[in-house]
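Enquirer: So here's input.csv, just CSV, C-alpha atoms:
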```csv
chain,number,residue,atom,x,y,z
H,13,MET,CA,-0.6,7.9,-9.9
H,14,LEU,CA,2.9,6.3,-9.4
H,15,GLU,CA,1.9,3.6,-6.9
H,16,ALA,CA,2.2,0.7,-9.4
H,17,LEU,CA,5.6,1.8,-10.7
H,18,LYS,CA,7.7,-0.3,-8.4
H,19,GLU,CA,6.0,-3.6,-9.0
H,20,ARG,CA,5.6,-3.2,-12.8
H,21,VAL,CA,9.2,-2.1,-13.4
H,22,ASN,CA,10.7,-4.7,-11.2
H,23,ALA,CA,8.6,-7.4,-12.8
H,24,ASP,CA,10.2,-6.7,-16.2
H,25,ALA,CA,13.6,-8.5,-16.1
H,26,ALA,CA,14.7,-7.0,-19.4
H,27,LEU,CA,14.0,-3.4,-18.3
H,28,VAL,CA,15.8,-4.0,-15.0
H,29,ARG,CA,18.8,-5.5,-16.9
H,30,ARG,CA,19.0,-2.4,-19.1
H,31,GLY,CA,19.0,-0.3,-16.0
H,32,ARG,CA,21.8,-2.2,-14.2
H,33,TYR,CA,24.1,0.8,-14.3
H,34,LEU,CA,21.4,3.2,-13.1
H,35,THR,CA,21.3,4.1,-9.4
H,36,THR,CA,19.6,7.4,-8.7
H,37,THR,CA,16.6,9.2,-7.1
H,38,PHE,CA,14.5,11.4,-9.3
H,39,LEU,CA,11.5,13.6,-8.6
H,40,LEU,CA,8.3,13.5,-10.6
H,41,GLN,CA,5.8,16.3,-10.1
H,42,ALA,CA,2.2,16.3,-11.3
H,43,GLY,CA,0.6,19.6,-10.5
H,44,GLU,CA,0.8,20.1,-6.7
H,45,THR,CA,1.8,16.5,-6.0
H,46,SER,CA,5.4,15.1,-6.0
H,47,TRP,CA,6.9,11.7,-5.8
H,48,LEU,CA,10.5,10.7,-5.2
H,49,VAL,CA,11.5,7.5,-7.1
H,50,SER,CA,14.6,5.7,-5.9
H,51,ILE,CA,16.3,3.3,-8.2
H,52,PHE,CA,19.2,0.9,-7.3
H,53,GLU,CA,20.9,-0.9,-10.2
H,54,GLY,CA,17.7,-0.8,-12.3
H,55,LYS,CA,15.3,-1.9,-9.6
H,56,ILE,CA,12.9,0.6,-8.1
H,57,VAL,CA,13.6,0.6,-4.4
H,58,SER,CA,10.9,3.1,-3.3
H,59,VAL,CA,8.3,5.4,-4.6
H,60,SER,CA,7.4,8.0,-1.9
H,61,ARG,CA,4.7,10.6,-2.2
H,62,GLY,CA,5.2,14.2,-1.0
H,63,PRO,CA,4.8,16.7,0.3
H,64,PHE,CA,8.6,16.8,1.2
H,65,VAL,CA,10.4,19.3,3.4
H,66,MET,CA,13.7,19.1,1.5
H,67,PRO,CA,13.4,16.7,-1.4
H,68,SER,CA,16.8,15.7,-2.8
H,69,SER,CA,17.0,14.2,-6.3
H,70,SER,CA,19.4,14.0,-9.3
H,71,PHE,CA,16.8,15.5,-11.6
H,72,ALA,CA,13.1,16.4,-11.7
H,73,LEU,CA,10.3,15.9,-14.3
H,74,ARG,CA,7.5,18.5,-13.7
H,75,ALA,CA,4.2,18.7,-15.7
H,76,SER,CA,0.6,19.5,-14.9
H,77,GLU,CA,-1.6,16.7,-13.7
H,78,ALA,CA,-3.7,16.9,-16.9
H,79,GLU,CA,-0.6,16.4,-19.0
H,80,TRP,CA,0.5,13.3,-17.0
H,81,GLN,CA,-3.0,11.9,-17.2
H,82,LYS,CA,-2.9,12.2,-21.0
H,83,PHE,CA,0.6,10.7,-21.1
H,84,PHE,CA,-0.6,7.7,-18.9
H,85,SER,CA,-3.7,7.0,-21.0
H,86,PRO,CA,-3.9,3.7,-22.8
H,87,ARG,CA,-3.4,5.3,-26.3
H,88,PRO,CA,-2.1,8.8,-25.7
H,89,PRO,CA,-3.0,11.4,-28.3
H,90,PRO,CA,-0.3,12.8,-30.6
H,91,GLY,CA,1.9,15.2,-28.6
H,92,SER,CA,1.3,13.3,-25.4
H,93,ASN,CA,2.7,9.8,-26.3
H,94,ASP,CA,6.3,10.3,-25.2
H,95,LEU,CA,8.3,12.3,-22.7
H,96,MET,CA,10.1,14.1,-25.5
H,97,ALA,CA,6.7,15.0,-27.0
H,98,LEU,CA,5.9,16.7,-23.8
H,99,VAL,CA,9.3,18.4,-23.8
H,100,ARG,CA,8.7,19.6,-27.4
H,101,ARG,CA,5.4,21.2,-26.4
H,102,ARG,CA,7.2,22.8,-23.4
H,103,VAL,CA,4.7,21.3,-21.0
H,104,LEU,CA,7.3,19.0,-19.3
H,105,LYS,CA,10.1,20.8,-17.4
H,106,THR,CA,13.2,18.7,-17.0
H,107,GLU,CA,15.5,20.1,-14.3
H,108,GLY,CA,18.7,19.1,-12.5
H,109,ASP,CA,21.5,16.8,-13.6
H,110,LEU,CA,20.0,15.7,-16.9
H,111,GLN,CA,23.0,13.6,-17.8
H,112,VAL,CA,21.5,10.8,-15.7
H,113,PHE,CA,18.1,11.3,-17.5
H,114,MET,CA,19.6,11.4,-21.0
H,115,ALA,CA,22.1,8.5,-20.5
H,116,HIS,CA,19.2,6.3,-19.4
H,117,LEU,CA,16.5,7.9,-21.5
H,118,ARG,CA,15.1,4.6,-22.9
H,119,TYR,CA,14.9,3.2,-19.3
H,120,PHE,CA,12.9,6.2,-18.0
H,121,LYS,CA,10.6,6.3,-21.0
H,122,GLU,CA,9.8,2.6,-20.7
H,123,ALA,CA,9.5,2.6,-16.9
H,124,LEU,CA,7.0,5.5,-17.0
H,125,ALA,CA,5.1,3.9,-19.9
H,126,LYS,CA,4.5,0.9,-17.5
H,127,LEU,CA,1.9,3.1,-15.8
H,128,ARG,CA,-0.4,3.0,-18.9
H,129,PRO,CA,-3.2,0.6,-18.5
H,130,ALA,CA,-2.4,-2.6,-20.4
H,131,ALA,CA,0.9,-1.0,-21.7
H,132,GLY,CA,3.4,-3.5,-22.9
H,133,GLY,CA,6.4,-1.3,-22.1
H,134,ALA,CA,7.6,0.2,-25.4
H,135,ALA,CA,7.1,4.0,-25.1
C,2,MET,CA,14.7,-24.0,-44.6
C,3,SER,CA,16.1,-22.3,-47.7
C,4,ALA,CA,17.7,-18.9,-48.0
C,5,THR,CA,15.9,-16.2,-50.1
C,6,PHE,CA,17.3,-13.0,-51.6
C,7,GLU,CA,15.6,-9.7,-51.9
C,8,PRO,CA,15.8,-7.9,-55.3
C,9,ILE,CA,17.9,-5.1,-53.8
C,10,ILE,CA,21.4,-4.7,-55.2
C,11,GLY,CA,24.0,-2.7,-53.3
C,12,ARG,CA,27.2,-1.3,-54.7
C,13,TYR,CA,29.9,1.2,-53.6
C,14,MET,CA,30.3,4.3,-55.7
C,15,HIS,CA,33.4,6.4,-55.8
C,16,LEU,CA,33.0,10.1,-56.5
C,17,ASP,CA,34.3,13.5,-55.6
C,18,LEU,CA,32.2,15.6,-53.2
C,19,PHE,CA,33.1,19.0,-51.8
C,20,GLY,CA,36.6,18.6,-53.3
C,21,LYS,CA,37.3,15.2,-51.6
C,22,PRO,CA,37.1,11.6,-52.8
C,23,HIS,CA,34.2,9.8,-51.2
C,24,ARG,CA,33.0,6.2,-51.1
C,25,LEU,CA,29.2,6.0,-51.1
C,26,TYR,CA,27.0,3.0,-50.7
C,27,VAL,CA,24.1,2.9,-53.1
C,28,GLU,CA,21.2,0.4,-53.3
C,29,GLN,CA,18.7,0.0,-56.0
C,30,ALA,CA,15.9,-2.2,-57.2
C,31,GLY,CA,13.4,-2.2,-60.1
C,32,GLU,CA,13.3,-0.6,-63.5
C,33,GLY,CA,11.6,2.4,-64.9
C,34,THR,CA,11.2,6.0,-63.7
C,35,PRO,CA,14.0,6.7,-61.2
C,36,LEU,CA,12.8,7.2,-57.7
C,37,LEU,CA,15.5,8.7,-55.5
C,38,CYS,CA,15.1,8.2,-51.8
C,39,LEU,CA,16.6,10.3,-49.0
C,40,HIS,CA,16.9,8.9,-45.5
C,41,THR,CA,16.3,10.8,-42.2
C,42,ALA,CA,19.0,12.4,-40.0
C,43,GLY,CA,21.3,9.9,-38.3
C,44,SER,CA,20.0,6.9,-40.2
C,45,ASP,CA,20.6,5.3,-43.6
C,46,GLY,CA,19.1,4.0,-46.8
C,47,ARG,CA,17.7,0.8,-45.2
C,48,GLN,CA,14.7,2.9,-44.3
C,49,TYR,CA,13.5,2.4,-47.8
C,50,ARG,CA,13.8,-1.4,-47.8
C,51,ALA,CA,10.0,-1.8,-48.2
C,52,LEU,CA,9.8,0.4,-51.3
C,53,MET,CA,12.6,-1.6,-52.9
C,54,ASN,CA,10.8,-4.9,-52.0
C,55,ASP,CA,7.4,-3.8,-53.3
C,56,PRO,CA,6.8,-5.3,-56.7
C,57,ARG,CA,4.1,-2.8,-57.5
C,58,ILE,CA,6.6,0.0,-57.2
C,59,THR,CA,9.6,-1.7,-58.7
C,60,ALA,CA,7.6,-2.8,-61.8
C,61,ARG,CA,7.6,0.8,-62.9
C,62,HIS,CA,10.4,2.5,-60.9
C,63,ARG,CA,14.1,2.2,-60.5
C,64,VAL,CA,14.2,2.8,-56.7
C,65,ILE,CA,17.5,4.2,-55.5
C,66,ALA,CA,18.7,4.9,-52.0
C,67,PHE,CA,22.2,6.0,-51.0
C,68,ASP,CA,23.7,6.3,-47.6
C,69,MET,CA,24.9,9.9,-47.1
C,70,PRO,CA,28.6,10.3,-46.3
C,71,TRP,CA,29.2,9.4,-42.6
C,72,HIS,CA,26.0,7.3,-42.6
C,73,GLY,CA,25.3,3.6,-43.0
C,74,LYS,CA,27.9,1.9,-45.2
C,75,SER,CA,29.2,5.2,-46.7
C,76,SER,CA,32.4,6.3,-45.1
C,77,PRO,CA,33.3,9.7,-44.0
C,78,PRO,CA,36.0,11.2,-46.2
C,79,ALA,CA,39.7,10.8,-45.3
C,80,GLY,CA,40.6,13.2,-42.5
C,81,TRP,CA,37.2,12.9,-40.8
C,82,HIS,CA,38.8,12.1,-37.5
C,83,GLU,CA,39.9,15.8,-37.1
C,84,GLU,CA,36.5,17.2,-38.3
C,85,GLU,CA,33.2,18.0,-36.7
C,86,TYR,CA,30.5,16.7,-39.0
C,87,GLN,CA,28.0,19.4,-39.8
C,88,LEU,CA,25.4,19.2,-42.6
C,89,THR,CA,24.4,22.4,-44.4
C,90,SER,CA,21.8,23.3,-47.0
C,91,ALA,CA,24.4,24.0,-49.5
C,92,ARG,CA,26.3,20.7,-48.9
C,93,TYR,CA,23.1,18.6,-48.9
C,94,THR,CA,21.9,20.2,-52.2
C,95,THR,CA,25.3,19.5,-53.8
C,96,LEU,CA,25.3,16.0,-52.5
C,97,VAL,CA,21.9,15.1,-54.0
C,98,LEU,CA,22.6,16.8,-57.4
C,99,THR,CA,26.1,15.2,-57.6
C,100,VAL,CA,24.7,11.7,-56.9
C,101,MET,CA,22.0,12.2,-59.5
C,102,ALA,CA,24.6,13.3,-62.1
C,103,ALA,CA,26.9,10.4,-61.2
C,104,LEU,CA,24.0,7.9,-61.6
C,105,GLU,CA,22.8,9.7,-64.8
C,106,LEU,CA,19.3,10.0,-63.4
C,107,ASP,CA,17.0,11.8,-65.8
C,108,ARG,CA,14.6,13.9,-63.8
C,109,PRO,CA,13.9,11.4,-61.1
C,110,ILE,CA,11.1,11.5,-58.6
C,111,LEU,CA,12.6,12.6,-55.3
C,112,ILE,CA,11.3,11.2,-52.0
C,113,GLY,CA,12.9,12.4,-48.8
C,114,CYS,CA,11.9,12.1,-45.2
C,115,SER,CA,12.6,14.5,-42.3
C,116,ILE,CA,15.9,16.2,-43.2
C,117,GLY,CA,15.2,14.6,-46.6
C,118,GLY,CA,11.8,16.2,-46.6
C,119,ARG,CA,13.3,19.5,-45.8
C,120,ILE,CA,16.0,19.4,-48.5
C,121,ALA,CA,13.1,18.3,-50.8
C,122,LEU,CA,11.6,21.8,-50.2
C,123,HIS,CA,15.0,23.5,-51.0
C,124,LEU,CA,15.3,21.4,-54.2
C,125,ALA,CA,11.7,22.1,-55.2
C,126,LEU,CA,12.5,25.8,-54.9
C,127,GLU,CA,15.9,26.0,-56.4
C,128,HIS,CA,16.1,23.1,-58.9
C,129,PRO,CA,12.5,22.3,-59.9
C,130,GLN,CA,13.6,21.4,-63.5
C,131,ALA,CA,15.8,18.6,-62.2
C,132,PHE,CA,12.9,16.5,-60.9
C,133,ARG,CA,9.7,14.9,-62.3
C,134,ALA,CA,8.0,15.3,-59.0
C,135,ILE,CA,9.0,15.7,-55.3
C,136,ILE,CA,7.5,13.9,-52.4
C,137,GLY,CA,8.3,15.3,-49.0
C,138,LEU,CA,7.7,13.1,-46.0
C,139,GLN,CA,7.5,14.8,-42.6
C,140,SER,CA,8.4,18.1,-44.4
C,141,GLY,CA,8.4,21.3,-42.4
C,142,ALA,CA,10.0,24.6,-43.2
C,143,HIS,CA,11.8,24.9,-39.8
C,144,ILE,CA,12.1,23.2,-36.4
C,145,ASP,CA,13.3,25.0,-33.3
C,146,PRO,CA,15.6,23.0,-31.1
C,147,TYR,CA,13.6,21.6,-28.2
C,148,TYR,CA,16.2,19.7,-26.3
C,149,ASP,CA,20.0,20.2,-25.7
C,150,LEU,CA,21.5,18.7,-28.8
C,151,ASN,CA,24.9,18.3,-27.1
C,152,PHE,CA,23.5,15.2,-25.3
C,153,LEU,CA,23.7,13.5,-28.7
C,154,HIS,CA,27.5,13.5,-28.7
C,155,ARG,CA,29.3,13.5,-25.4
C,156,PRO,CA,31.4,10.7,-23.9
C,157,ASP,CA,29.3,10.2,-20.8
C,158,VAL,CA,26.1,9.4,-22.8
C,159,HIS,CA,26.1,6.5,-25.1
C,160,GLY,CA,25.5,7.9,-28.6
C,161,GLY,CA,23.6,5.0,-30.1
C,162,GLU,CA,21.4,4.5,-27.0
C,163,VAL,CA,20.5,8.2,-26.7
C,164,CYS,CA,19.9,8.8,-30.4
C,165,ALA,CA,17.4,5.9,-30.6
C,166,ALA,CA,15.8,6.9,-27.3
C,167,ILE,CA,15.4,10.5,-28.5
C,168,VAL,CA,13.5,9.3,-31.6
C,169,SER,CA,11.7,6.3,-30.2
C,170,GLY,CA,8.5,8.3,-29.4
C,171,LEU,CA,8.4,9.6,-33.0
C,172,VAL,CA,7.4,6.1,-34.2
C,173,GLY,CA,3.6,5.9,-34.4
C,174,PRO,CA,1.6,3.7,-32.0
C,175,ASP,CA,0.5,1.3,-34.7
C,176,ALA,CA,4.0,0.4,-36.0
C,177,PRO,CA,4.7,-3.4,-35.9
C,178,ASP,CA,7.3,-4.1,-33.2
C,179,LYS,CA,9.7,-5.6,-35.8
C,180,GLU,CA,9.7,-2.5,-38.0
C,181,ARG,CA,9.7,-0.1,-35.0
C,182,TRP,CA,12.9,-1.7,-33.6
C,183,GLU,CA,14.5,-2.1,-37.0
C,184,THR,CA,14.0,1.7,-37.4
C,185,LEU,CA,15.5,2.3,-34.0
C,186,TRP,CA,18.4,0.0,-34.6
C,187,HIS,CA,19.5,2.1,-37.5
C,188,TYR,CA,19.7,5.0,-35.1
C,189,MET,CA,21.7,3.0,-32.6
C,190,GLN,CA,24.2,2.3,-35.3
C,191,GLY,CA,24.9,5.9,-36.3
C,192,GLY,CA,28.5,7.2,-35.9
C,193,PRO,CA,29.4,9.5,-33.0
C,194,GLY,CA,28.0,13.0,-33.6
C,195,VAL,CA,26.5,12.2,-37.0
C,196,PHE,CA,22.8,12.6,-35.9
C,197,LYS,CA,23.7,15.8,-34.2
C,198,GLY,CA,25.6,17.1,-37.3
C,199,ASP,CA,22.5,16.4,-39.4
C,200,LEU,CA,20.3,18.3,-37.0
C,201,TYR,CA,22.5,21.3,-37.6
C,202,PHE,CA,20.8,21.4,-41.0
C,203,TYR,CA,17.4,20.5,-39.7
C,204,LYS,CA,17.2,22.9,-36.8
C,205,ILE,CA,19.6,25.7,-37.6
C,206,ASP,CA,20.9,26.1,-41.2
C,207,GLY,CA,18.1,24.7,-43.2
C,208,ASP,CA,15.4,27.2,-42.2
C,209,ILE,CA,13.3,27.8,-45.4
C,210,ARG,CA,10.3,29.6,-43.9
C,211,ALA,CA,11.0,32.9,-45.6
C,212,ARG,CA,11.1,31.4,-49.1
C,213,VAL,CA,8.9,28.3,-49.1
C,214,ALA,CA,5.9,30.1,-50.6
C,215,GLU,CA,8.0,30.7,-53.7
C,216,ILE,CA,7.9,27.0,-54.7
C,217,ASP,CA,6.3,26.7,-58.1
C,218,THR,CA,4.4,23.4,-58.3
C,219,LYS,CA,3.7,24.0,-62.1
C,220,ARG,CA,7.5,23.5,-62.6
C,221,CYS,CA,7.7,20.5,-60.3
C,222,PRO,CA,4.6,18.9,-58.6
C,223,LEU,CA,5.0,18.7,-54.8
C,224,PHE,CA,3.3,16.1,-52.6
C,225,LEU,CA,3.6,16.2,-48.8
C,226,LEU,CA,2.8,13.3,-46.6
C,227,SER,CA,3.1,13.5,-42.8
C,228,GLY,CA,2.5,11.1,-40.0
C,229,GLU,CA,-0.1,12.1,-37.4
C,230,TYR,CA,2.1,11.2,-34.4
C,231,ASP,CA,5.2,13.1,-35.5
C,232,TYR,CA,6.1,15.7,-32.8
C,233,SER,CA,9.3,16.7,-34.5
C,234,CYS,CA,7.7,17.9,-37.7
C,235,THR,CA,4.1,18.1,-36.6
C,236,PRO,CA,1.2,17.7,-39.0
C,237,GLU,CA,0.4,21.4,-38.3
C,238,GLU,CA,3.8,22.4,-39.6
C,239,THR,CA,3.4,20.3,-42.8
C,240,LEU,CA,-0.1,21.8,-43.3
C,241,SER,CA,1.3,25.3,-42.9
C,242,VAL,CA,3.9,24.7,-45.6
C,243,ALA,CA,1.3,23.1,-47.9
C,244,ARG,CA,-1.1,26.0,-47.4
C,245,SER,CA,1.6,28.5,-48.4
C,246,ILE,CA,2.3,26.8,-51.7
C,247,PRO,CA,-0.4,26.9,-54.4
C,248,GLY,CA,-0.9,23.5,-56.0
C,249,CYS,CA,0.9,21.5,-53.3
C,250,GLU,CA,-0.9,18.3,-52.4
C,251,VAL,CA,-0.9,17.3,-48.7
C,252,SER,CA,-2.1,14.3,-46.7
C,253,ILE,CA,-1.8,13.5,-43.0
C,254,MET,CA,-1.3,9.8,-42.4
C,255,LYS,CA,-3.3,8.5,-39.4
C,256,GLY,CA,-1.5,6.5,-36.8
C,257,LEU,CA,1.9,7.0,-38.5
C,258,GLY,CA,4.9,8.8,-37.0
C,259,HIS,CA,8.2,10.4,-38.2
C,260,PHE,CA,9.5,7.4,-40.2
C,261,PRO,CA,6.5,6.2,-42.2
C,262,MET,CA,8.4,4.2,-44.8
C,263,SER,CA,10.4,2.3,-42.2
C,264,GLU,CA,8.2,2.1,-39.1
C,265,ASN,CA,5.1,0.8,-40.8
C,266,PRO,CA,5.8,0.0,-44.5
C,267,GLU,CA,2.4,-1.6,-45.1
C,268,ALA,CA,0.4,1.4,-43.9
C,269,PHE,CA,2.7,3.8,-45.6
C,270,LEU,CA,2.6,2.1,-49.0
C,271,ARG,CA,-1.2,2.6,-49.0
C,272,HIS,CA,-0.5,6.3,-48.9
C,273,LEU,CA,2.4,6.3,-51.4
C,274,HIS,CA,0.8,4.2,-54.2
C,275,PRO,CA,-1.8,6.8,-55.2
C,276,VAL,CA,0.8,9.5,-55.2
C,277,LEU,CA,3.1,7.5,-57.5
C,278,ASP,CA,0.0,6.6,-59.7
C,279,LYS,CA,-0.8,10.3,-60.0
C,280,ILE,CA,2.8,11.2,-60.9
C,281,ALA,CA,2.8,8.5,-63.6
C,282,GLY,CA,-0.4,10.1,-64.9
```
Please render this file's structure as structure tokens.
Expert:
Amino acid sequence: MLEALKERVNADAALVRRGRYLTTTFLLQAGETSWLVSIFEGKIVSVSRGPFVMPSSSFALRASEAEWQKFFSPRPPPGSNDLMALVRRRVLKTEGDLQVFMAHLRYFKEALAKLRPAAGGAA
Amino acid sequence: MSATFEPIIGRYMHLDLFGKPHRLYVEQAGEGTPLLCLHTAGSDGRQYRALMNDPRITARHRVIAFDMPWHGKSSPPAGWHEEEYQLTSARYTTLVLTVMAALELDRPILIGCSIGGRIALHLALEHPQAFRAIIGLQSGAHIDPYYDLNFLHRPDVHGGEVCAAIVSGLVGPDAPDKERWETLWHYMQGGPGVFKGDLYFYKIDGDIRARVAEIDTKRCPLFLLSGEYDYSCTPEETLSVARSIPGCEVSIMKGLGHFPMSENPEAFLRHLHPVLDKIAG
């Protein structure tokens, strides 16, 4: 699900520039599957798929696989079109040091929206 | 290339509010029935630029939008640097009625979005005689906080960046890029803590669930228009308000989000024109 993230984010120079003060590792969970995404100065360094023995991350975004599938669809329905829409419906759990997430909220929204088929980037 | 001007005229108005002198920025365009516009939380009157530039509306309406104190080009009152800004139902009501009196508006049509759509319900309930009709955009009776509002005002999170990022998904998917990012720019320009202070009204103090059914649409017609993609005030919440008020007219606008007049003016005006026609009779 997240395999294309590195290539698509790193290919967007404006997005990488906006993330130049962002260096972190976060965890994204879809149902039983987890990924650790490492970012260095706005560039995605690695996306590794679990299971992990002791995953270490600044924060985690956890939702069911069905919710992520809707979020990643080309034209998500109302309520699934944005990370905050998922938060509003209480189907996306945000955990950990959320300062990093909130300080770079536009980056995370636009980076994840890259996984939508034919998505331009604006979440 | 030659410069062109819009018909909008902006001026600064001085008036006393809550016992203090204030300097408020007011824009207007057109002549006719006054149409008073209330912007969303953390933004300003520029959201109504399309209404003021629409000849079909300005031919029959004097369209007026003011920036609330602390917003846009309206300053906070002297002493603001020691205060925490917090909007309440009582203050918001006083603000609207005081501005109306200062501008000598005779029973204007009121249009308000989000917090403006909420105070529209308060005004419809408490001051129906003061308005010809009320149009609530993204009007709900109450919204529970769904994220930690403290993130909107703390020194280790950029206020402008986070306010725009919080609301970016509230713009509908069909909004033209130009208008989407204009709308978000207004959020990026808000003063520190102002969006958060407005949300005190929206999510805590302004709860009108217990009284909303008492609105009498025979005294003041009420129209509610809500964008399909709004997850702050959802279509279900607007429909629930509408169902509880006899005579209330409601419409859910496909493809639009939380800022219809600003994010996608062309699509929104198609919904607004019939409402204004109906009010005009």
Enquirer: Compute the chain C side of the contact with chain H at 10 Å, counting all atoms listed in the file, and hand it back as a ChimeraX atom specification.
Expert: /C:145-149,152-153,155,157-160,162-174,178,181-182,228-233,235-236,256,258
Enquirer: Calculate how many Å separate atom CA of Asp109 of chain H from atom CA of Pro63 of chain H, rounding to one decimal.
Expert: 21.7 Å
Enquirer: In Å to one decimal, how far is atom CA of Glu107 of chain H from atom CA of Ile56 of chain H?
Expert: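 Straight-line distance from atom CA of Ile56 of chain H to atom CA of Glu107 of chain H works out to 20.6 Å.
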Enquirer: Give me the residues near His23 of chain C as a list in words, where near means some atom within 10 Å (using only C-alpha atoms) and where sequence neighbours in that chain fewer than 4 positions away do not count.
Expert: Tyr13, Met14, His15, Leu16, Asp17, Leu18, Phe19, Pro70, Trp71, Ser75, Ser76, Pro77, Pro78 and Ala79 of chain C
Enquirer: So how many Å separate atom CA of Val28 of chain H and atom CA of Ala75 of chain H, to one decimal?
Expert: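 Atom-to-atom, atom CA of Val28 of chain H and atom CA of Ala75 of chain H are spaced 25.5 Å apart.
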Enquirer: Compile the contact shell of segment 29-34 of chain H as a PyMOL selection string: residues with an atom at most 7 Å away, counting all atoms listed in the file, same-chain residues fewer than 5 positions apart removed.
Expert: chain H and resi 52-54+119
Enquirer: Please provide as a ChimeraX atom specification all residues within 12 Å of Asp278 of chain C, with the sequence filter that same-chain residues fewer than 4 positions apart are discarded (counting all atoms listed in the file).
Expert: /C:34,57-58,61-62,134,270-274,282
Enquirer: Taking into account only C-alpha atoms, which residue in the set H:Lys82, H:Arg74, H:Lys126, H:Lys105 is nearest to Gly43 of chain H?
Expert: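 Among the listed residues, H:Arg74 lies closest to Gly43 of chain H.
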